[in-house]
file start-v9.cif (mmCIF, C-alpha atoms)
data_entry
loop_
_atom_site.group_PDB
_atom_site.id
_atom_site.type_symbol
_atom_site.label_atom_id
_atom_site.label_comp_id
_atom_site.auth_asym_id
_atom_site.auth_seq_id
_atom_site.Cartn_x
_atom_site.Cartn_y
_atom_site.Cartn_z
ATOM 1 C CA MET A 60 5.353 -7.349 0.820
ATOM 2 C CA LEU A 61 3.566 -7.867 -2.473
ATOM 3 C CA ASN A 62 5.122 -8.951 -5.751
ATOM 4 C CA TRP A 63 3.413 -8.608 -9.113
ATOM 5 C CA ASN A 64 5.889 -9.117 -11.927
ATOM 6 C CA GLY A 65 8.403 -6.969 -10.076
ATOM 7 C CA GLU A 66 10.894 -9.672 -9.180
ATOM 8 C CA GLU A 67 14.035 -7.540 -9.493
ATOM 9 C CA ASP A 68 12.552 -4.841 -7.270
ATOM 10 C CA THR A 69 11.463 -7.488 -4.764
ATOM 11 C CA VAL A 70 14.907 -9.033 -4.527
ATOM 12 C CA GLU A 71 16.561 -5.626 -4.161
ATOM 13 C CA CYS A 72 14.156 -4.846 -1.305
ATOM 14 C CA LEU A 73 14.887 -8.200 0.354
ATOM 15 C CA GLU A 74 18.596 -7.458 0.092
ATOM 16 C CA SER A 75 18.140 -4.093 1.821
ATOM 17 C CA LEU A 76 16.178 -5.725 4.647
ATOM 18 C CA LYS A 77 19.216 -7.875 5.453
ATOM 19 C CA ARG A 78 21.044 -4.754 6.650
ATOM 20 C CA ILE A 79 18.499 -3.331 9.091
ATOM 21 C CA ASP A 80 19.393 -2.803 12.763
ATOM 22 C CA TYR A 81 16.568 -5.029 13.950
ATOM 23 C CA SER A 82 16.849 -8.808 14.012
ATOM 24 C CA ASP A 83 13.508 -10.106 15.269
ATOM 25 C CA TYR A 84 11.360 -10.031 12.125
ATOM 26 C CA ASP A 85 9.828 -12.311 9.517
ATOM 27 C CA ILE A 86 8.870 -11.500 5.937
ATOM 28 C CA TYR A 87 5.532 -12.459 4.403
ATOM 29 C CA LEU A 88 5.938 -12.087 0.660
ATOM 30 C CA VAL A 89 2.774 -12.534 -1.412
ATOM 31 C CA ASP A 90 3.025 -13.108 -5.140
ATOM 32 C CA ASN A 91 -0.108 -11.734 -6.775
ATOM 33 C CA ASP A 92 -0.376 -14.290 -9.612
ATOM 34 C CA SER A 93 2.670 -13.049 -11.500
ATOM 35 C CA LYS A 94 4.066 -14.600 -14.642
ATOM 36 C CA GLU A 95 5.936 -17.847 -14.044
ATOM 37 C CA ASN A 96 9.342 -16.315 -14.718
ATOM 38 C CA SER A 97 8.772 -13.715 -11.980
ATOM 39 C CA VAL A 98 7.928 -16.383 -9.401
ATOM 40 C CA ASN A 99 10.867 -18.545 -10.495
ATOM 41 C CA TYR A 100 13.255 -15.587 -10.242
ATOM 42 C CA ILE A 101 12.328 -15.086 -6.593
ATOM 43 C CA LYS A 102 12.388 -18.826 -5.861
ATOM 44 C CA ASN A 103 15.864 -19.065 -7.355
ATOM 45 C CA TYR A 104 17.041 -16.122 -5.266
ATOM 46 C CA LEU A 105 15.730 -17.686 -2.056
ATOM 47 C CA GLU A 106 17.125 -21.110 -2.877
ATOM 48 C CA HIS A 107 20.620 -19.732 -3.413
ATOM 49 C CA ASP A 108 20.622 -17.144 -0.633
ATOM 50 C CA ASP A 109 22.562 -17.943 2.561
ATOM 51 C CA TYR A 110 20.805 -15.355 4.737
ATOM 52 C CA TYR A 111 17.105 -16.184 4.564
ATOM 53 C CA SER A 112 15.447 -19.498 5.358
ATOM 54 C CA PHE A 113 12.147 -19.791 3.523
ATOM 55 C CA ASP A 114 9.027 -21.783 2.853
ATOM 56 C CA ILE A 115 6.623 -21.599 -0.104
ATOM 57 C CA LYS A 116 2.881 -22.072 0.269
ATOM 58 C CA THR A 117 -0.166 -21.349 -1.844
ATOM 59 C CA LYS A 118 -2.922 -19.137 -0.493
ATOM 60 C CA ASN A 119 -5.137 -22.222 -0.087
ATOM 61 C CA ASP A 120 -2.495 -23.928 2.092
ATOM 62 C CA LEU A 121 -2.543 -21.237 4.758
ATOM 63 C CA ASP A 122 -5.607 -22.322 6.777
ATOM 64 C CA ASN A 123 -3.808 -25.336 8.206
ATOM 65 C CA TYR A 124 -0.243 -24.018 8.057
ATOM 66 C CA TYR A 125 1.715 -22.660 11.005
ATOM 67 C CA LYS A 126 4.983 -21.076 10.030
ATOM 68 C CA PRO A 127 7.931 -22.678 11.841
ATOM 69 C CA ALA A 128 9.980 -20.319 13.999
ATOM 70 C CA ASP A 129 13.117 -20.902 11.956
ATOM 71 C CA ILE A 130 11.524 -19.689 8.685
ATOM 72 C CA ASP A 131 12.436 -16.079 7.883
ATOM 73 C CA VAL A 132 10.504 -15.671 4.615
ATOM 74 C CA LEU A 133 7.110 -17.158 3.878
ATOM 75 C CA PHE A 134 6.562 -16.897 0.126
ATOM 76 C CA ILE A 135 2.806 -17.093 -0.488
ATOM 77 C CA LEU A 136 1.468 -17.760 -3.983
ATOM 78 C CA ASN A 137 -1.891 -16.094 -4.591
ATOM 79 C CA ASP A 138 -4.069 -17.766 -7.226
ATOM 80 C CA GLU A 139 -5.261 -14.475 -8.728
ATOM 81 C CA ASN A 140 -4.196 -10.877 -9.101
ATOM 82 C CA SER A 141 -6.412 -9.449 -6.392
ATOM 83 C CA GLY A 142 -4.903 -5.974 -6.437
ATOM 84 C CA PHE A 143 -2.847 -4.151 -3.836
ATOM 85 C CA ALA A 144 -5.407 -4.541 -1.065
ATOM 86 C CA GLY A 145 -6.396 -8.123 -1.857
ATOM 87 C CA GLY A 146 -2.832 -9.321 -2.266
ATOM 88 C CA ASN A 147 -1.601 -7.753 0.963
ATOM 89 C CA ASN A 148 -4.715 -8.958 2.754
ATOM 90 C CA VAL A 149 -3.645 -12.559 2.127
ATOM 91 C CA ALA A 150 -0.682 -12.045 4.437
ATOM 92 C CA LEU A 151 -2.472 -9.673 6.817
ATOM 93 C CA ASN A 152 -5.306 -12.139 7.269
ATOM 94 C CA TYR A 153 -2.870 -14.978 7.977
ATOM 95 C CA ILE A 154 -0.970 -12.911 10.551
ATOM 96 C CA SER A 155 -4.150 -11.701 12.268
ATOM 97 C CA GLU A 156 -5.755 -15.158 12.401
ATOM 98 C CA LYS A 157 -2.628 -16.900 13.701
ATOM 99 C CA LYS A 158 -1.675 -13.922 15.918
ATOM 100 C CA ILE A 159 2.002 -14.530 15.221
ATOM 101 C CA SER A 160 3.427 -11.000 15.399
ATOM 102 C CA ASP A 161 3.118 -8.046 17.759
ATOM 103 C CA TYR A 162 3.691 -5.511 14.989
ATOM 104 C CA ILE A 163 3.171 -5.484 11.245
ATOM 105 C CA VAL A 164 4.842 -3.344 8.581
ATOM 106 C CA LEU A 165 3.208 -3.073 5.185
ATOM 107 C CA LEU A 166 6.103 -2.408 2.799
ATOM 108 C CA ASN A 167 6.136 -1.931 -0.963
ATOM 109 C CA ASN A 168 8.467 -4.219 -2.872
ATOM 110 C CA ASP A 169 9.748 -1.269 -4.928
ATOM 111 C CA THR A 170 11.495 0.260 -1.916
ATOM 112 C CA ILE A 171 14.929 0.232 -0.341
ATOM 113 C CA VAL A 172 14.992 0.743 3.430
ATOM 114 C CA SER A 173 17.421 2.511 5.735
ATOM 115 C CA ASN A 174 19.098 0.445 8.440
ATOM 116 C CA ASP A 175 17.117 2.162 11.201
ATOM 117 C CA PHE A 176 13.665 2.288 9.582
ATOM 118 C CA ILE A 177 12.050 -0.291 11.897
ATOM 119 C CA ASN A 178 13.409 1.388 15.024
ATOM 120 C CA GLY A 179 12.125 4.744 13.829
ATOM 121 C CA LEU A 180 8.650 3.372 13.188
ATOM 122 C CA LEU A 181 8.468 1.537 16.529
ATOM 123 C CA ASP A 182 9.746 4.475 18.563
ATOM 124 C CA LYS A 183 7.092 6.765 17.086
ATOM 125 C CA PHE A 184 4.328 4.179 17.556
ATOM 126 C CA ASN A 185 5.183 3.683 21.218
ATOM 127 C CA GLU A 186 5.311 7.401 22.039
ATOM 128 C CA SER A 187 1.506 7.625 22.412
ATOM 129 C CA ASP A 188 -1.221 5.164 23.319
ATOM 130 C CA ASP A 189 -3.568 6.592 20.690
ATOM 131 C CA THR A 190 -1.280 5.940 17.699
ATOM 132 C CA GLY A 191 -2.832 3.773 14.996
ATOM 133 C CA PHE A 192 -0.609 3.885 11.898
ATOM 134 C CA VAL A 193 2.939 5.177 11.541
ATOM 135 C CA GLY A 194 4.552 6.185 8.251
ATOM 136 C CA ILE A 195 8.066 7.122 7.232
ATOM 137 C CA ASN A 196 9.847 9.656 5.023
ATOM 138 C CA HIS A 197 10.091 8.594 1.356
ATOM 139 C CA TYR A 198 12.921 9.737 -0.880
ATOM 140 C CA TYR A 199 13.090 9.211 -4.609
ATOM 141 C CA TYR A 200 15.034 6.095 -5.562
ATOM 142 C CA ASP A 201 16.720 7.837 -8.508
ATOM 143 C CA ASN A 202 17.371 11.096 -6.649
ATOM 144 C CA ARG A 203 18.089 10.098 -3.088
ATOM 145 C CA THR A 204 18.447 13.578 -1.639
ATOM 146 C CA THR A 205 14.980 14.683 -2.789
ATOM 147 C CA LEU A 206 12.000 14.053 -0.532
ATOM 148 C CA GLN A 207 9.090 12.339 -2.278
ATOM 149 C CA THR A 208 6.688 12.478 0.679
ATOM 150 C CA VAL A 209 6.993 12.660 4.449
ATOM 151 C CA GLY A 210 4.946 9.461 4.558
ATOM 152 C CA GLY A 211 1.444 10.836 4.973
ATOM 153 C CA GLY A 212 -1.012 13.306 3.543
ATOM 154 C CA LYS A 213 -4.282 15.203 3.663
ATOM 155 C CA VAL A 214 -7.623 14.567 1.984
ATOM 156 C CA ASP A 215 -9.512 17.334 0.173
ATOM 157 C CA LEU A 216 -13.159 16.401 0.683
ATOM 158 C CA VAL A 217 -14.357 19.118 -1.699
ATOM 159 C CA HIS A 218 -12.606 17.709 -4.758
ATOM 160 C CA GLY A 219 -12.023 14.127 -3.605
ATOM 161 C CA GLU A 220 -8.246 14.371 -3.739
ATOM 162 C CA ALA A 221 -5.590 12.704 -1.582
ATOM 163 C CA MET A 222 -2.510 14.899 -1.418
ATOM 164 C CA ALA A 223 0.836 13.634 -0.157
ATOM 165 C CA ILE A 224 2.744 16.053 2.055
ATOM 166 C CA THR A 225 6.139 16.755 0.512
ATOM 167 C CA SER A 226 7.680 19.220 2.996
ATOM 168 C CA LYS A 227 8.868 18.257 6.457
ATOM 169 C CA GLY A 228 7.328 20.044 9.402
ATOM 170 C CA THR A 229 4.405 21.547 7.489
ATOM 171 C CA VAL A 230 1.765 19.059 8.721
ATOM 172 C CA HIS A 231 1.575 16.985 11.896
ATOM 173 C CA ASP A 232 -2.080 15.940 11.751
ATOM 174 C CA PHE A 233 -2.348 13.457 8.887
ATOM 175 C CA ASP A 234 -5.492 12.190 7.182
ATOM 176 C CA PHE A 235 -3.698 9.165 5.759
ATOM 177 C CA ILE A 236 -0.426 7.277 5.878
ATOM 178 C CA THR A 237 1.101 6.376 2.533
ATOM 179 C CA GLY A 238 0.548 2.689 1.783
ATOM 180 C CA SER A 239 4.110 1.983 0.662
ATOM 181 C CA CYS A 240 5.163 1.842 4.339
ATOM 182 C CA ILE A 241 2.757 1.546 7.262
ATOM 183 C CA LEU A 242 3.493 0.175 10.721
ATOM 184 C CA MET A 243 0.739 -0.881 13.112
ATOM 185 C CA SER A 244 0.375 -3.244 16.044
ATOM 186 C CA LEU A 245 -1.488 -6.519 15.767
ATOM 187 C CA ASN A 246 -4.135 -5.103 18.117
ATOM 188 C CA ILE A 247 -4.705 -2.152 15.794
ATOM 189 C CA LEU A 248 -5.053 -4.482 12.815
ATOM 190 C CA LEU A 249 -7.573 -6.634 14.683
ATOM 191 C CA ASP A 250 -9.574 -3.531 15.618
ATOM 192 C CA VAL A 251 -9.464 -1.685 12.278
ATOM 193 C CA GLY A 252 -9.663 -4.767 10.047
ATOM 194 C CA LEU A 253 -8.184 -5.513 6.648
ATOM 195 C CA MET A 254 -8.040 -3.140 3.687
ATOM 196 C CA SER A 255 -11.141 -2.848 1.528
ATOM 197 C CA GLU A 256 -10.649 -4.858 -1.662
ATOM 198 C CA ASP A 257 -13.205 -2.757 -3.546
ATOM 199 C CA PHE A 258 -10.417 -0.337 -4.460
ATOM 200 C CA PHE A 259 -8.101 -2.924 -6.118
ATOM 201 C CA MET A 260 -5.339 -0.302 -6.287
ATOM 202 C CA TYR A 261 -5.077 3.363 -5.243
ATOM 203 C CA TRP A 262 -6.994 4.971 -2.382
ATOM 204 C CA GLU A 263 -7.074 1.778 -0.292
ATOM 205 C CA ASP A 264 -4.437 3.256 2.027
ATOM 206 C CA VAL A 265 -6.449 6.482 2.321
ATOM 207 C CA ASP A 266 -9.618 4.525 3.078
ATOM 208 C CA TRP A 267 -7.818 2.289 5.596
ATOM 209 C CA SER A 268 -6.283 5.295 7.331
ATOM 210 C CA THR A 269 -9.669 7.011 7.484
ATOM 211 C CA ILE A 270 -11.201 3.939 9.124
ATOM 212 C CA ALA A 271 -8.371 3.980 11.679
ATOM 213 C CA ARG A 272 -9.134 7.643 12.429
ATOM 214 C CA GLU A 273 -12.839 6.823 12.720
ATOM 215 C CA HIS A 274 -11.847 4.294 15.389
ATOM 216 C CA GLY A 275 -10.192 7.119 17.333
ATOM 217 C CA TYR A 276 -6.558 6.501 16.376
ATOM 218 C CA LYS A 277 -3.994 9.104 15.384
ATOM 219 C CA LEU A 278 -1.737 8.844 12.353
ATOM 220 C CA ARG A 279 1.909 9.770 12.782
ATOM 221 C CA VAL A 280 5.234 9.747 10.921
ATOM 222 C CA SER A 281 8.521 8.548 12.407
ATOM 223 C CA ASP A 282 11.210 11.057 13.376
ATOM 224 C CA TYR A 283 14.037 9.083 11.792
ATOM 225 C CA GLY A 284 14.593 6.335 9.253
ATOM 226 C CA TYR A 285 13.514 6.495 5.619
ATOM 227 C CA ILE A 286 12.903 4.523 2.447
ATOM 228 C CA PHE A 287 13.815 5.081 -1.180
ATOM 229 C CA HIS A 288 10.764 4.507 -3.371
ATOM 230 C CA LYS A 289 10.486 3.693 -7.076
ATOM 231 C CA GLU A 290 7.012 5.199 -7.280
ATOM 232 C CA GLY A 291 4.633 3.741 -9.864
ATOM 233 C CA ALA A 292 7.246 1.519 -11.514
ATOM 234 C CA SER A 293 4.789 -1.181 -12.625
ATOM 235 C CA ILE A 294 1.555 0.759 -13.189
ATOM 236 C CA LYS A 295 0.541 1.954 -16.628
ATOM 237 C CA SER A 296 -0.708 5.518 -16.836
ATOM 238 C CA LEU A 297 -4.212 4.666 -18.108
ATOM 239 C CA SER A 298 -4.709 2.208 -15.248
ATOM 240 C CA ARG A 299 -3.662 4.915 -12.822
ATOM 241 C CA ILE A 300 -6.163 7.353 -14.347
ATOM 242 C CA TYR A 301 -8.997 4.820 -14.302
ATOM 243 C CA TYR A 302 -8.526 3.681 -10.705
ATOM 244 C CA HIS A 303 -7.870 7.161 -9.395
ATOM 245 C CA THR A 304 -11.081 8.455 -10.996
ATOM 246 C CA ARG A 305 -13.209 5.503 -9.912
ATOM 247 C CA ASN A 306 -11.772 5.118 -6.428
ATOM 248 C CA ARG A 307 -12.026 8.742 -5.384
ATOM 249 C CA ILE A 308 -15.776 8.327 -5.943
ATOM 250 C CA PHE A 309 -15.737 5.088 -3.922
ATOM 251 C CA TYR A 310 -13.944 6.883 -1.094
ATOM 252 C CA MET A 311 -16.371 9.796 -1.031
ATOM 253 C CA LYS A 312 -19.326 7.390 -1.001
ATOM 254 C CA ARG A 313 -17.875 5.642 2.043
ATOM 255 C CA HIS A 314 -16.816 8.683 4.053
ATOM 256 C CA THR A 315 -19.071 11.634 3.191
ATOM 257 C CA THR A 316 -22.818 12.181 3.245
ATOM 258 C CA GLY A 317 -25.455 14.750 2.417
ATOM 259 C CA LEU A 318 -24.592 18.064 0.806
ATOM 260 C CA LYS A 319 -20.822 17.445 0.937
ATOM 261 C CA TYR A 320 -21.199 14.241 -1.068
ATOM 262 C CA TYR A 321 -23.597 15.695 -3.645
ATOM 263 C CA LYS A 322 -21.413 18.763 -4.195
ATOM 264 C CA PHE A 323 -18.504 16.426 -4.914
ATOM 265 C CA ILE A 324 -20.573 14.351 -7.359
ATOM 266 C CA ILE A 325 -21.520 17.487 -9.294
ATOM 267 C CA TYR A 326 -17.864 18.549 -9.324
ATOM 268 C CA ILE A 327 -16.479 15.178 -10.497
ATOM 269 C CA ILE A 328 -19.081 14.801 -13.254
ATOM 270 C CA LEU A 329 -18.396 18.296 -14.603
ATOM 271 C CA TYR A 330 -14.641 17.822 -14.308
ATOM 272 C CA VAL A 331 -14.576 14.476 -16.139
ATOM 273 C CA LEU A 332 -16.923 15.681 -18.882
ATOM 274 C CA LYS A 333 -14.829 18.805 -19.441
ATOM 275 C CA GLU A 334 -11.556 16.827 -19.524
ATOM 276 C CA SER A 335 -13.023 14.173 -21.794
ATOM 277 C CA VAL A 336 -14.439 16.605 -24.341
ATOM 278 C CA THR A 337 -11.255 18.693 -24.354
ATOM 279 C CA ASN A 338 -9.010 15.674 -25.009
ATOM 280 C CA MET A 339 -11.259 13.465 -27.152
ATOM 281 C CA THR A 340 -9.641 14.355 -30.487
ATOM 282 C CA LYS A 341 -6.004 14.410 -29.376
ATOM 283 C CA ASN A 342 -6.125 11.579 -26.806
ATOM 284 C CA SER A 343 -9.287 9.510 -27.063
ATOM 285 C CA SER A 344 -7.896 6.709 -24.853
ATOM 286 C CA TYR A 345 -7.436 9.162 -21.993
ATOM 287 C CA SER A 346 -10.964 10.513 -22.430
ATOM 288 C CA LYS A 347 -12.539 7.056 -22.597
ATOM 289 C CA THR A 348 -10.606 5.945 -19.509
ATOM 290 C CA LEU A 349 -11.837 8.959 -17.542
ATOM 291 C CA LEU A 350 -15.441 8.301 -18.594
ATOM 292 C CA LYS A 351 -15.215 4.616 -17.693
ATOM 293 C CA GLY A 352 -13.787 5.482 -14.288
ATOM 294 C CA LEU A 353 -16.614 7.955 -13.725
ATOM 295 C CA LYS A 354 -19.300 5.490 -14.807
ATOM 296 C CA ASP A 355 -17.954 2.614 -12.720
ATOM 297 C CA GLY A 356 -17.496 4.839 -9.687
ATOM 298 C CA LEU A 357 -21.041 6.194 -9.856
ATOM 299 C CA LEU A 358 -22.822 2.920 -10.617
ATOM 300 C CA LYS A 359 -21.193 0.572 -8.115
ATOM 301 C CA ASN A 360 -22.803 0.594 -4.691
#

call {"tool": "encode", "arguments": {"input": "start-v9.cif", "output": "structure tokens"}}
result
Amino acid sequence: MLNWNGEEDTVECLESLKRIDYSDYDIYLVDNDSKENSVNYIKNYLEHDDYYSFDIKTKNDLDNYYKPADIDVLFILNDENSGFAGGNNVALNYISEKKISDYIVLLNNDTIVSNDFINGLLDKFNESDDTGFVGINHYYYDNRTTLQTVGGGKVDLVHGEAMAITSKGTVHDFDFITGSCILMSLNILLDVGLMSEDFFMYWEDVDWSTIAREHGYKLRVSDYGYIFHKEGASIKSLSRIYYHTRNRIFYMKRHTTGLKYYKFIIYIILYVLKESVTNMTKNSSYSKTLLKGLKDGLLKN
């Protein structure tokens, strides 16, 4: 789990994890250089909680630290905001180097989990030897009967778009698993590697899933269990626009070649220019953000 100034969400997620029907798990909670009050809020919760035993370490302490078996929550303090991928990679790297877990679940802090979500993920993973990542159904936190996504999606390589699947049973062959909840085995993690930190936020789950598929693994979604997700609670809209524009170009650079790539580049340039010119007078910040995302995506190797 990753916290970045989302302490109330994090604590609510930790509370929901107390109620799951699976006892043999540890929590690796990385704080991504939040404000002091956010870190202190979580520390205070852990100090006064009777359920979890915990330890607190900085990122730099981890090389020579071996988590004791009686510690349920390892609270890791990152010394910089290294984005979604970089922050989660702190914990993923520690787990993979120390080889201290058979399975890993990447879980957003702005989620509430059902009691059976771990069992659902594990059962689906163990159905087939070729499974790489497993996702889970997401429902809206504020409207808990409405499906947000089944937990995976498809990639449109013509327009460079990642589209979440929002209807059950319509797709069974996924191009990516949604990053807010991904289960994998330690062996899969060691084979596929960590998430690319070039993305900072957005598209890193799509890229990671694509790498897993390139290694020959299948992506699947569990048959039962679910999470409630407060999607995008801490991300400002202009940041979302910038990273989505830039990172879709990054993704296409990494996973397409030749005519397919150049057709996309022509499309994205024309699209951004059209959007920017159309909105320049009524929303110049939006236009400038689009253009910056385009420029940074095209210029970075």

call {"tool": "residues_around", "arguments": {"input": "start-v9.cif", "residues": "range 139-155 of chain A", "least_positions_apart": "3", "cutoff": "6 Å", "atoms": "all atoms listed in the file", "output": "short mmCIF file (atom, residue, chain, number, x, y, z; two decimals) with C-alpha atoms, in the frame of the given file"}}
result
data_model
loop_
_atom_site.label_atom_id
_atom_site.label_comp_id
_atom_site.auth_asym_id
_atom_site.auth_seq_id
_atom_site.Cartn_x
_atom_site.Cartn_y
_atom_site.Cartn_z
CA ASN A 91 -0.11 -11.73 -6.78
CA ASP A 92 -0.38 -14.29 -9.61
CA LYS A 158 -1.68 -13.92 15.92
CA ILE A 159 2.00 -14.53 15.22
CA MET A 254 -8.04 -3.14 3.69
CA GLU A 256 -10.65 -4.86 -1.66
CA PHE A 259 -8.10 -2.92 -6.12
CA MET A 260 -5.34 -0.30 -6.29
#

call {"tool": "closest_atom_pairs", "arguments": {"input": "start-v9.cif", "of": "range 232-341 of chain A", "to": "range 197-205 of chain A", "cutoff": "8 Å", "atoms": "only C-alpha atoms", "output": "Markdown table"}}
result
| residue | atom | partner | partner_atom | distance |
| --- | --- | --- | --- | --- |
| A:Tyr285 | CA | A:His197 | CA | 5.9 |
| A:Ile286 | CA | A:His197 | CA | 5.1 |
| A:Phe287 | CA | A:Tyr200 | CA | 4.7 |
| A:His288 | CA | A:Tyr200 | CA | 5.1 |
| A:Lys289 | CA | A:Tyr200 | CA | 5.4 |
| A:Glu290 | CA | A:Tyr199 | CA | 7.8 |

call {"tool": "write_last_selection", "arguments": {"input": "start-v9.cif", "atoms": "C-alpha atoms", "output": "PDB file, keeping the file's coordinate frame"}}
result
ATOM      1  CA  TYR A 285      13.514   6.495   5.619  1.00  0.00           C
ATOM      2  CA  ILE A 286      12.903   4.523   2.447  1.00  0.00           C
ATOM      3  CA  PHE A 287      13.815   5.081  -1.180  1.00  0.00           C
ATOM      4  CA  HIS A 288      10.764   4.507  -3.371  1.00  0.00           C
ATOM      5  CA  LYS A 289      10.486   3.693  -7.076  1.00  0.00           C
ATOM      6  CA  GLU A 290       7.012   5.199  -7.280  1.00  0.00           C
TER       7      GLU A 290
END

call {"tool": "resolve_selection", "arguments": {"input": "start-v9.cif", "expression": "the PyMOL selection byres ((chain A and resi 313) around 12)", "output": "VMD selection string"}}
result
chain A and resid 216 219 255 257 to 258 262 to 263 265 to 267 269 to 270 273 306 to 312 314 to 317 320 356 359 to 360

call {"tool": "resolve_selection", "arguments": {"input": "start-v9.cif", "expression": "the PyMOL selection byres ((chain A and resi 346) around 10)", "output": "MDAnalysis selection string"}}
result
chainID A and resid 297 300 331:345 347:352

call {"tool": "residues_near_point", "arguments": {"input": "start-v9.cif", "point": "(-0.1, -0.3, 12.0)", "cutoff": "8 Å", "atoms": "all atoms listed in the file", "output": "PyMOL selection string"}}
result
chain A and resi 162-164+191-193+241-245+247-248

call {"tool": "closest_residue", "arguments": {"input": "start-v9.cif", "among": "A:Val172, A:Leu329, A:Leu165, A:Leu181", "to": "Ser239 in chain A", "atoms": "all atoms listed in the file"}}
result
A:Leu165

call {"tool": "closest_residue", "arguments": {"input": "start-v9.cif", "among": "A:Thr208, A:Asn96, A:Thr190, A:Ser82", "to": "Thr229 in chain A", "atoms": "only C-alpha atoms"}}
result
A:Thr208

call {"tool": "resolve_selection", "arguments": {"input": "start-v9.cif", "expression": "the PyMOL selection byres ((chain A and resi 278) around 10)", "output": "ChimeraX atom specification"}}
result
/A:184,189-194,211-212,231-236,241,268-269,271-272,275-277,279-280

call {"tool": "residues_around", "arguments": {"input": "start-v9.cif", "residues": "Ile130 in chain A", "least_positions_apart": "2", "cutoff": "6 Å", "atoms": "only C-alpha atoms", "output": "list in words"}}
result
Ser112, Phe113, Pro127, Ala128 and Val132 of chain A

call {"tool": "closest_residue", "arguments": {"input": "start-v9.cif", "among": "A:Asp129, A:Asp169, A:Asp83, A:Asp120", "to": "Trp63 in chain A", "atoms": "only C-alpha atoms"}}
result
A:Asp169

call {"tool": "residues_around", "arguments": {"input": "start-v9.cif", "residues": "range 71-80 of chain A", "least_positions_apart": "4", "cutoff": "7 Å", "atoms": "all atoms listed in the file", "output": "VMD selection string"}}
result
chain A and resid 67 168 to 175

call {"tool": "atom_distance", "arguments": {"input": "start-v9.cif", "atom1": "CA of Gly228 in chain A", "atom2": "CA of Gln207 in chain A"}}
result
14.1 Å

call {"tool": "atom_distance", "arguments": {"input": "start-v9.cif", "atom1": "CA of Asp90 in chain A", "atom2": "CA of Ser296 in chain A"}}
result
22.3 Å

call {"tool": "atom_distance", "arguments": {"input": "start-v9.cif", "atom1": "CA of Phe323 in chain A", "atom2": "CA of Ser226 in chain A"}}
result
27.5 Å

call {"tool": "closest_residue", "arguments": {"input": "start-v9.cif", "among": "A:Asp182, A:Asp355, A:Asp250, A:Asp282", "to": "Tyr301 in chain A", "atoms": "all atoms listed in the file"}}
result
A:Asp355

call {"tool": "closest_residue", "arguments": {"input": "start-v9.cif", "among": "A:Tyr125, A:Tyr302, A:Tyr321, A:Tyr84", "to": "Lys157 in chain A", "atoms": "only C-alpha atoms"}}
result
A:Tyr125

call {"tool": "closest_residue", "arguments": {"input": "start-v9.cif", "among": "A:Tyr283, A:Tyr87, A:Tyr110, A:Tyr100", "to": "Leu61 in chain A", "atoms": "all atoms listed in the file"}}
result
A:Tyr87

call {"tool": "axis_aligned_box", "arguments": {"input": "start-v9.cif", "around": "range 205-220 of chain A", "padding_each_side": "4 Å", "output": "AutoDock Vina command-line options"}}
result
--center_x 0.3 --center_y 14.3 --center_z 0.1 --size_x 37.3 --size_y 17.7 --size_z 17.7

call {"tool": "build_atoms", "arguments": {"input": "start-v9.cif", "residues": "range 110-120 of chain A", "atoms": "N, CA and C atoms", "output": "PDB file, in the frame of the given file"}}
result
ATOM      1  N   TYR A 110      21.280 -16.145   3.596  1.00  0.00           N
ATOM      2  CA  TYR A 110      20.805 -15.355   4.737  1.00  0.00           C
ATOM      3  C   TYR A 110      19.410 -15.777   5.185  1.00  0.00           C
ATOM      4  N   TYR A 111      18.496 -15.885   4.233  1.00  0.00           N
ATOM      5  CA  TYR A 111      17.105 -16.184   4.564  1.00  0.00           C
ATOM      6  C   TYR A 111      16.825 -17.690   4.500  1.00  0.00           C
ATOM      7  N   SER A 112      16.082 -18.186   5.486  1.00  0.00           N
ATOM      8  CA  SER A 112      15.447 -19.498   5.358  1.00  0.00           C
ATOM      9  C   SER A 112      14.004 -19.249   4.940  1.00  0.00           C
ATOM     10  N   PHE A 113      13.444 -20.111   4.101  1.00  0.00           N
ATOM     11  CA  PHE A 113      12.147 -19.791   3.523  1.00  0.00           C
ATOM     12  C   PHE A 113      11.275 -21.026   3.372  1.00  0.00           C
ATOM     13  N   ASP A 114      10.001 -20.758   3.195  1.00  0.00           N
ATOM     14  CA  ASP A 114       9.027 -21.783   2.853  1.00  0.00           C
ATOM     15  C   ASP A 114       8.100 -21.192   1.802  1.00  0.00           C
ATOM     16  N   ILE A 115       7.536 -22.032   0.951  1.00  0.00           N
ATOM     17  CA  ILE A 115       6.623 -21.599  -0.104  1.00  0.00           C
ATOM     18  C   ILE A 115       5.286 -22.304   0.083  1.00  0.00           C
ATOM     19  N   LYS A 116       4.224 -21.524   0.119  1.00  0.00           N
ATOM     20  CA  LYS A 116       2.881 -22.072   0.269  1.00  0.00           C
ATOM     21  C   LYS A 116       1.933 -21.338  -0.675  1.00  0.00           C
ATOM     22  N   THR A 117       0.889 -22.026  -1.110  1.00  0.00           N
ATOM     23  CA  THR A 117      -0.166 -21.349  -1.844  1.00  0.00           C
ATOM     24  C   THR A 117      -1.132 -20.708  -0.857  1.00  0.00           C
ATOM     25  N   LYS A 118      -1.910 -19.780  -1.340  1.00  0.00           N
ATOM     26  CA  LYS A 118      -2.922 -19.137  -0.493  1.00  0.00           C
ATOM     27  C   LYS A 118      -3.834 -20.173   0.154  1.00  0.00           C
ATOM     28  N   ASN A 119      -4.210 -21.206  -0.599  1.00  0.00           N
ATOM     29  CA  ASN A 119      -5.137 -22.222  -0.087  1.00  0.00           C
ATOM     30  C   ASN A 119      -4.512 -23.120   0.975  1.00  0.00           C
ATOM     31  N   ASP A 120      -3.172 -23.118   1.072  1.00  0.00           N
ATOM     32  CA  ASP A 120      -2.495 -23.928   2.092  1.00  0.00           C
ATOM     33  C   ASP A 120      -2.513 -23.280   3.471  1.00  0.00           C
TER      34      ASP A 120
END
